[in-house]
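K.L.:
Dumping the structure here so I can ask a few things about it.
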Amino acid sequence: MNETPEKEMKHLDEMTCLLYAERQLDRARALEVSAHTQECDTCRTLLRALERESRLLTRAMLEEDEPLPSRLAQFHERARRAMHWIWGLTFGLAATGAYALYAKLIEPWQLELEKAGFGGSNLLNLLIFQGAFWKGWQSMITVLEVAALMTLGGLAVMFLRRRIRRGSALALVFAGLCAALAMPSPASATEFRKGTTIDIHKDEKITGDVYITGERTRVDGTVDGDVIVFGQTVEINGHVLGDVIAFAQTVRINGQVDGNVRSACNNITITGNVAKNVMIFGQTVTLDANGKVGGSTTTFGESVNLDGNIGRDVLTFSAVADLGGKIGGGVRAKGETLIIGSGAVIDGPIHFEGNKPADVSPSAKLASPIDFKQIEKHVTYRHSDYYVWQVIFAAAFILFGLVLFALMPNFSADAVKSAEQYGASAGLGVLVLFGLPIAAVIACFTVVGLFVGISTLMVWFGCLYFAQVIVGALVGQWIMGRTSELWPMVGRMAVGLILVRLCTTIPHVGSWVKFAAILWGIGAISLAVYRRFQPMMAPGAPPAPYTPPMPPNTTVGGTLPA
Amino acid sequence: MSAPGITEPAEAIARARAGDANAWGELYREYAPAIFRFCRRALPTREDAEDATMEIFMKLREKLGQYDTTRSFSAWLYKVAANHCWDILRRRKIRQDKETEDVETVPLEHPDPNQLDKLIEARTSEEVRKALDKLGGRARMALVMRYYSDMSYDEIADALGVRRAFVGVVLLRARHELRQALEGNTALAAGGA
């Protein structure tokens, strides 16, 4: 520092030097500072230091030390902003729809089933928590659990990520999920039997559940547990201390079942004794005059003949229901025809909803007259309820589509893209819409293919709805423009779906529109699936490197303005 | 404030103003990295910066009609970003650092120029960024506005809600804080030629 000539000189303060360096001083003051720094080494050094500090700050701030976060890399906020009101409306409607569905459908069903003798247990409890049908689908449980947990986890992350993004919180959530997945499943003593013909002989006793897949299954012995059977022909002649769950073409229960009988089959005949309840989905259901059901009977079938003894209520949904035995509870039936034979003794009330009044034998002994209600066949376009339900269904569709698009964004985008190939989609749609269920049903008749067949049918059924979502997304693209980003695509799907649903409500034409949408959409989905399985010929060219714009540099210091 | 040497996508801006969603996407892709970096420097955490970047662009979309096309788009964009970040900090009361508009309290003495020079020479950009993270909200905001986005004193005063004459004080105080953070040496920041 050159001190001698500066001893008498008053130094500039740092603020003045900074303002000078940043060109914020007025001209007169700037000239003074300039003159001073020409003579004063200390102030000149300070001025240079401040300028260097400015440059260091600018350089440090402008350096690209971290890449753009992935969630910012895809721009999707525009759709979110544009569709705010739609999402509000959709979720509002979905919530209303869920409540309406519960109030109008599920709750009455619960009451009906309870009345039918399922003693305090509701349908959900019966099917899932009591594990009746699920026992036959044990191999799917893990997959379903994982899928359900992943869906829940995905939704949680999707909605909470703005609030819970810190690593520790996310780690906690995923640790919880992993812990839930890692929980040991309850131990079971299930025995597996597989073959063309499975026989459990008369002197044979199996302790625990038995899981059977066989073309012909015959149980003559004793099973101290449940019998879960997939097959073509099932015959129970022995004693089953637990439940019988059967998926088969033909089922005969000639022996004693201490638990429940649940079955999805072509035809079933019960000539033996079932101590608890019977629930059957089948074409022909027969309870022989010698047959006995201790609890209630619930049937979904084309032809239902109940000539045996039923301890509690009967609930039946069938084209023709013929009641000829003793029924300890009431009857609730819905279908085309109800016949009450001469040997019928019904102790409870009878409600029948059908095309014509029940055909009742004069010899039948009924506790009360039949409460008959005529089925209304025509869709009542004039009733406001019809339109309310259409709105609810549209909201449910949008919600369904939202979940699918969020879970499978790439596949959904591929399917929408495939839908633009009208000819291929329509052609493939015809093939899959009609061919797949036929193939699945054929598979069901084979022992090995039963599980595959039923699963395929379930997927096919789901695709009928997904198809409409895809067509909705395409229609949305026509209106709002093409996009490849997820959320804008979801927005277009919502708008398009509303339009498609509106078209399906048009009297007489609507059903054809719906059919066409399903045909088209299911073809597009199939096309997308097909392409997924095609080998990639060559990898795509990498995108051109992107150089973000540099913000403007600050001007620091410099020469004094003249 | 302008963006010398940077060709602004005037066509995309015009199309975005007319409601073209694709043009809006182009603008986003063009400016999002810079705005994210701006937010990253101004706000305490990376998560805050991510959220703020998205919110700024959402706000920008709403305000695009107000943009004066005769002026620099990037300057306008940084102004919106600065206002947004400062709002965030203010809402969180980070603003309660020790600033005051009382100019008399600002040390006007020289720091040791040579020592300051050595300190600056010895520090890397990364060290400066780490030191910036330790600053109070207003100090960091002021430095980012001035040395990242080249905002004028008037614009900084407007964004921070202070008088123009006070901007220099804020910047100087911010530099002192930064030096303290860099060196941990209060004597240097307090000065004393």
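Scheme for the structure tokens: letters A, B, ... for chains in order shown; per-chain residue numbers from 1; ligand numbers from 1 in order shown.
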Env of Leu502 of chain A: 12 Å cut, atoms = only C-alpha atoms, seq-sep filter 2 positions within chain, self excluded. Answer as a ChimeraX atom specification.

P.N.:
/A:387,389-391,393-395,472,495-500,504-507,509-511,513-514

K.L.:
Produce a table with one row for each residue of segment 431-499 of chain A that has an atom at most 8 Å from any atom of segment 517-526 of chain A, each row naming the nearest atom pair and its distance in Å at one decimal; use only C-alpha atoms; arrange rows by chain and rising residue number; format as JSON lines.

P.N.:
```
{"residue": "A:Val432", "atom": "CA", "partner": "A:Gly523", "partner_atom": "CA", "distance": 7.0}
{"residue": "A:Leu433", "atom": "CA", "partner": "A:Leu519", "partner_atom": "CA", "distance": 6.6}
{"residue": "A:Cys463", "atom": "CA", "partner": "A:Ile522", "partner_atom": "CA", "distance": 6.5}
{"residue": "A:Leu464", "atom": "CA", "partner": "A:Ile518", "partner_atom": "CA", "distance": 5.9}
{"residue": "A:Tyr465", "atom": "CA", "partner": "A:Ile518", "partner_atom": "CA", "distance": 7.5}
{"residue": "A:Phe466", "atom": "CA", "partner": "A:Gly521", "partner_atom": "CA", "distance": 7.5}
{"residue": "A:Ala467", "atom": "CA", "partner": "A:Gly521", "partner_atom": "CA", "distance": 3.9}
{"residue": "A:Gln468", "atom": "CA", "partner": "A:Ile518", "partner_atom": "CA", "distance": 5.7}
{"residue": "A:Val469", "atom": "CA", "partner": "A:Gly521", "partner_atom": "CA", "distance": 7.8}
{"residue": "A:Ile470", "atom": "CA", "partner": "A:Gly521", "partner_atom": "CA", "distance": 5.8}
{"residue": "A:Val471", "atom": "CA", "partner": "A:Gly521", "partner_atom": "CA", "distance": 5.5}
```

K.L.:
Just the residues within 12 Å of Asn410 of chain A, please, counting only C-alpha atoms, with nothing from its chain fewer than 2 positions along; format it as a PDB file with N, CA and C atoms, in the first residue's frame.

P.N.:
```pdb
ATOM      1  N   LEU A 404     -55.821 -45.297 -14.787  1.00  0.00           N
ATOM      2  CA  LEU A 404     -55.111 -46.087 -15.797  1.00  0.00           C
ATOM      3  C   LEU A 404     -54.002 -45.275 -16.464  1.00  0.00           C
ATOM      4  N   PHE A 405     -54.308 -44.038 -16.797  1.00  0.00           N
ATOM      5  CA  PHE A 405     -53.301 -43.197 -17.444  1.00  0.00           C
ATOM      6  C   PHE A 405     -52.152 -42.908 -16.491  1.00  0.00           C
ATOM      7  N   ALA A 406     -52.479 -42.745 -15.216  1.00  0.00           N
ATOM      8  CA  ALA A 406     -51.407 -42.472 -14.247  1.00  0.00           C
ATOM      9  C   ALA A 406     -50.554 -43.711 -14.018  1.00  0.00           C
ATOM     10  N   LEU A 407     -51.199 -44.876 -14.049  1.00  0.00           N
ATOM     11  CA  LEU A 407     -50.460 -46.112 -13.804  1.00  0.00           C
ATOM     12  C   LEU A 407     -49.674 -46.565 -15.036  1.00  0.00           C
ATOM     13  N   MET A 408     -50.271 -46.382 -16.196  1.00  0.00           N
ATOM     14  CA  MET A 408     -49.624 -46.872 -17.431  1.00  0.00           C
ATOM     15  C   MET A 408     -49.564 -45.745 -18.465  1.00  0.00           C
ATOM     16  N   SER A 412     -50.852 -46.249 -22.284  1.00  0.00           N
ATOM     17  CA  SER A 412     -52.064 -45.502 -22.635  1.00  0.00           C
ATOM     18  C   SER A 412     -51.808 -44.609 -23.843  1.00  0.00           C
ATOM     19  N   ALA A 413     -50.648 -43.951 -23.839  1.00  0.00           N
ATOM     20  CA  ALA A 413     -50.321 -43.086 -24.979  1.00  0.00           C
ATOM     21  C   ALA A 413     -50.193 -43.907 -26.261  1.00  0.00           C
ATOM     22  N   ASP A 414     -49.588 -45.091 -26.128  1.00  0.00           N
ATOM     23  CA  ASP A 414     -49.459 -45.971 -27.297  1.00  0.00           C
ATOM     24  C   ASP A 414     -50.828 -46.384 -27.824  1.00  0.00           C
ATOM     25  N   ALA A 415     -51.720 -46.695 -26.889  1.00  0.00           N
ATOM     26  CA  ALA A 415     -53.061 -47.141 -27.296  1.00  0.00           C
ATOM     27  C   ALA A 415     -53.810 -46.022 -28.008  1.00  0.00           C
ATOM     28  N   VAL A 416     -53.668 -44.802 -27.488  1.00  0.00           N
ATOM     29  CA  VAL A 416     -54.334 -43.659 -28.135  1.00  0.00           C
ATOM     30  C   VAL A 416     -53.759 -43.455 -29.538  1.00  0.00           C
ATOM     31  N   LYS A 417     -52.446 -43.616 -29.634  1.00  0.00           N
ATOM     32  CA  LYS A 417     -51.794 -43.467 -30.940  1.00  0.00           C
ATOM     33  C   LYS A 417     -52.281 -44.543 -31.906  1.00  0.00           C
ATOM     34  N   SER A 484     -48.156 -35.337 -26.277  1.00  0.00           N
ATOM     35  CA  SER A 484     -47.535 -36.591 -25.870  1.00  0.00           C
ATOM     36  C   SER A 484     -47.265 -36.598 -24.370  1.00  0.00           C
ATOM     37  N   GLU A 485     -47.661 -35.539 -23.694  1.00  0.00           N
ATOM     38  CA  GLU A 485     -47.405 -35.460 -22.259  1.00  0.00           C
ATOM     39  C   GLU A 485     -48.576 -36.037 -21.484  1.00  0.00           C
ATOM     40  N   LEU A 486     -48.255 -36.503 -20.283  1.00  0.00           N
ATOM     41  CA  LEU A 486     -49.258 -37.264 -19.526  1.00  0.00           C
ATOM     42  C   LEU A 486     -50.475 -36.437 -19.139  1.00  0.00           C
ATOM     43  N   MET A 489     -52.680 -35.121 -21.738  1.00  0.00           N
ATOM     44  CA  MET A 489     -53.403 -36.254 -22.316  1.00  0.00           C
ATOM     45  C   MET A 489     -54.591 -36.648 -21.426  1.00  0.00           C
ATOM     46  N   ALA A 528     -51.765 -51.876 -29.547  1.00  0.00           N
ATOM     47  CA  ALA A 528     -50.674 -51.393 -28.678  1.00  0.00           C
ATOM     48  C   ALA A 528     -49.987 -52.563 -27.979  1.00  0.00           C
ATOM     49  N   VAL A 529     -50.779 -53.534 -27.554  1.00  0.00           N
ATOM     50  CA  VAL A 529     -50.203 -54.724 -26.907  1.00  0.00           C
ATOM     51  C   VAL A 529     -49.333 -55.478 -27.902  1.00  0.00           C
ATOM     52  N   ARG A 532     -46.094 -53.885 -28.421  1.00  0.00           N
ATOM     53  CA  ARG A 532     -45.201 -54.047 -27.258  1.00  0.00           C
ATOM     54  C   ARG A 532     -44.366 -55.325 -27.370  1.00  0.00           C
TER      55      ARG A 532
END
```

K.L.:
Near Arg37 of chain B, counting only C-alpha atoms, which residues have an atom at most 10 Å away, once you skip same-chain residues fewer than 2 positions from it, shown as a short mmCIF file (atom, residue, chain, number, x, y, z; two decimals) with N, CA and C atoms, in the first residue's frame?

P.N.:
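Here's the written file out.cif:
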```cif
data_model
loop_
_atom_site.label_atom_id
_atom_site.label_comp_id
_atom_site.auth_asym_id
_atom_site.auth_seq_id
_atom_site.Cartn_x
_atom_site.Cartn_y
_atom_site.Cartn_z
N MET A 61 -23.09 -18.14 -9.46
CA MET A 61 -24.54 -18.32 -9.59
C MET A 61 -24.92 -18.90 -10.94
N LEU A 62 -24.17 -18.54 -11.97
CA LEU A 62 -24.56 -18.98 -13.31
C LEU A 62 -24.14 -20.41 -13.62
N GLU A 63 -23.17 -20.91 -12.88
CA GLU A 63 -22.68 -22.26 -13.18
C GLU A 63 -23.80 -23.29 -13.04
N GLU A 64 -23.85 -24.21 -13.99
CA GLU A 64 -24.87 -25.26 -13.94
C GLU A 64 -24.35 -26.39 -13.07
N ASP A 65 -24.61 -26.30 -11.79
CA ASP A 65 -24.08 -27.30 -10.87
C ASP A 65 -25.02 -28.48 -10.69
N GLU A 66 -26.28 -28.34 -11.11
CA GLU A 66 -27.19 -29.49 -11.01
C GLU A 66 -28.17 -29.44 -12.18
N PRO A 67 -28.53 -30.62 -12.68
CA PRO A 67 -29.44 -30.64 -13.83
C PRO A 67 -30.87 -30.28 -13.43
N LEU A 68 -31.65 -30.01 -14.45
CA LEU A 68 -33.07 -29.73 -14.20
C LEU A 68 -33.72 -30.99 -13.64
N PRO A 551 -28.70 -16.60 -18.42
CA PRO A 551 -29.25 -15.31 -18.02
C PRO A 551 -28.25 -14.20 -18.32
N ALA B 32 -37.05 -22.84 -18.51
CA ALA B 32 -37.19 -23.53 -17.21
C ALA B 32 -35.84 -23.77 -16.52
N PRO B 33 -34.80 -24.22 -17.24
CA PRO B 33 -33.53 -24.46 -16.53
C PRO B 33 -32.99 -23.20 -15.86
N ALA B 34 -33.08 -22.08 -16.57
CA ALA B 34 -32.53 -20.84 -16.00
C ALA B 34 -33.36 -20.37 -14.80
N ILE B 35 -34.67 -20.50 -14.94
CA ILE B 35 -35.54 -20.07 -13.83
C ILE B 35 -35.37 -21.00 -12.63
N CYS B 39 -34.27 -19.86 -8.91
CA CYS B 39 -35.00 -20.23 -7.68
C CYS B 39 -34.08 -21.00 -6.73
N ARG B 40 -33.24 -21.83 -7.33
CA ARG B 40 -32.33 -22.65 -6.51
C ARG B 40 -31.37 -21.76 -5.72
N ARG B 41 -30.95 -20.67 -6.36
CA ARG B 41 -30.05 -19.75 -5.66
C ARG B 41 -30.80 -18.92 -4.62
N ALA B 42 -32.05 -18.60 -4.92
CA ALA B 42 -32.78 -17.67 -4.06
C ALA B 42 -33.46 -18.35 -2.87
N LEU B 43 -33.84 -19.60 -3.04
CA LEU B 43 -34.64 -20.26 -2.00
C LEU B 43 -33.80 -21.28 -1.23
N ARG B 46 -33.90 -27.34 -2.45
CA ARG B 46 -34.13 -27.76 -3.83
C ARG B 46 -35.63 -27.97 -4.08
N ALA B 49 -37.30 -24.82 -4.66
CA ALA B 49 -36.98 -24.30 -5.99
C ALA B 49 -37.81 -25.00 -7.06
N GLU B 50 -37.99 -26.30 -6.92
CA GLU B 50 -38.80 -27.05 -7.90
C GLU B 50 -40.24 -26.54 -7.89
N THR B 53 -40.47 -23.04 -9.32
CA THR B 53 -40.33 -22.98 -10.78
C THR B 53 -41.67 -23.28 -11.46
N TYR B 148 -27.27 -12.56 -10.67
CA TYR B 148 -27.70 -13.67 -11.54
C TYR B 148 -28.55 -13.13 -12.68
#
```

K.L.:
Choose the residue, out of A:Ile339, A:Val304, A:Ile350, A:Ala419, that has the smallest atom-to-atom separation from Thr284 of chain A; count only C-alpha atoms.

P.N.:
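Using only C-alpha atoms, Thr284 of chain A sits closest to A:Val304.
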
K.L.:
May I have the residues within 6 Å of Val229 of chain A as a count of residues only, using only C-alpha atoms and disregarding those fewer than 6 positions away in the same chain?

P.N.:
4

K.L.:
So which one's closest to Arg531 of chain A, A:His11, A:Asp199, A:Gly221, A:Ser418? Using only C-alpha atoms, please.

P.N.:
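Among the listed residues, A:Ser418 lies closest to Arg531 of chain A.
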
K.L.:
Show which residues sit within 8 Å of Ile200 of chain A, as number ranges by chain. Count only C-alpha atoms, and ignore same-chain residues fewer than 2 positions away.

P.N.:
A: 198, 202, 204, 218-222

K.L.:
With N, CA and C atoms retained, could you export that selection as a PDB file, in the first residue's frame?

P.N.:
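In the end it all went to again-v5.pdb:
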```pdb
ATOM      1  N   ILE A 198     -59.083 -87.160 -10.308  1.00  0.00           N
ATOM      2  CA  ILE A 198     -58.694 -87.111  -8.888  1.00  0.00           C
ATOM      3  C   ILE A 198     -59.778 -87.808  -8.081  1.00  0.00           C
ATOM      4  N   LYS A 202     -63.101 -93.599  -0.406  1.00  0.00           N
ATOM      5  CA  LYS A 202     -64.059 -93.626   0.702  1.00  0.00           C
ATOM      6  C   LYS A 202     -63.365 -93.713   2.063  1.00  0.00           C
ATOM      7  N   GLU A 204     -60.395 -92.718   2.718  1.00  0.00           N
ATOM      8  CA  GLU A 204     -59.316 -91.718   2.825  1.00  0.00           C
ATOM      9  C   GLU A 204     -59.809 -90.494   3.605  1.00  0.00           C
ATOM     10  N   ARG A 218     -63.620 -86.597  -7.803  1.00  0.00           N
ATOM     11  CA  ARG A 218     -64.640 -87.331  -7.048  1.00  0.00           C
ATOM     12  C   ARG A 218     -64.155 -87.432  -5.612  1.00  0.00           C
ATOM     13  N   VAL A 219     -64.987 -86.937  -4.698  1.00  0.00           N
ATOM     14  CA  VAL A 219     -64.625 -86.984  -3.283  1.00  0.00           C
ATOM     15  C   VAL A 219     -65.578 -87.953  -2.595  1.00  0.00           C
ATOM     16  N   ASP A 220     -65.072 -89.130  -2.282  1.00  0.00           N
ATOM     17  CA  ASP A 220     -65.890 -90.120  -1.568  1.00  0.00           C
ATOM     18  C   ASP A 220     -65.498 -90.192  -0.098  1.00  0.00           C
ATOM     19  N   GLY A 221     -64.296 -89.717   0.200  1.00  0.00           N
ATOM     20  CA  GLY A 221     -63.799 -89.812   1.567  1.00  0.00           C
ATOM     21  C   GLY A 221     -64.186 -88.598   2.399  1.00  0.00           C
ATOM     22  N   THR A 222     -63.316 -88.310   3.397  1.00  0.00           N
ATOM     23  CA  THR A 222     -63.604 -87.211   4.322  1.00  0.00           C
ATOM     24  C   THR A 222     -62.513 -86.149   4.189  1.00  0.00           C
TER      25      THR A 222
END
```

K.L.:
Identify, on the basis of only C-alpha atoms, every residue whose closest approach to Val244 of chain A does not exceed 6 Å; exclude the query and any residue fewer than 2 positions from it along the same chain; express the result as a PyMOL selection string.

P.N.:
chain A and resi 226-227+261

K.L.:
Could those selected residues go to a file with C-alpha atoms, as a PDB file, in the first residue's frame?

P.N.:
```pdb
ATOM      1  CA  ASP A 226     -62.253 -76.866   2.613  1.00  0.00           C
ATOM      2  CA  VAL A 227     -62.361 -78.372  -0.844  1.00  0.00           C
ATOM      3  CA  VAL A 261     -71.075 -74.365  -0.993  1.00  0.00           C
TER       4      VAL A 261
END
```
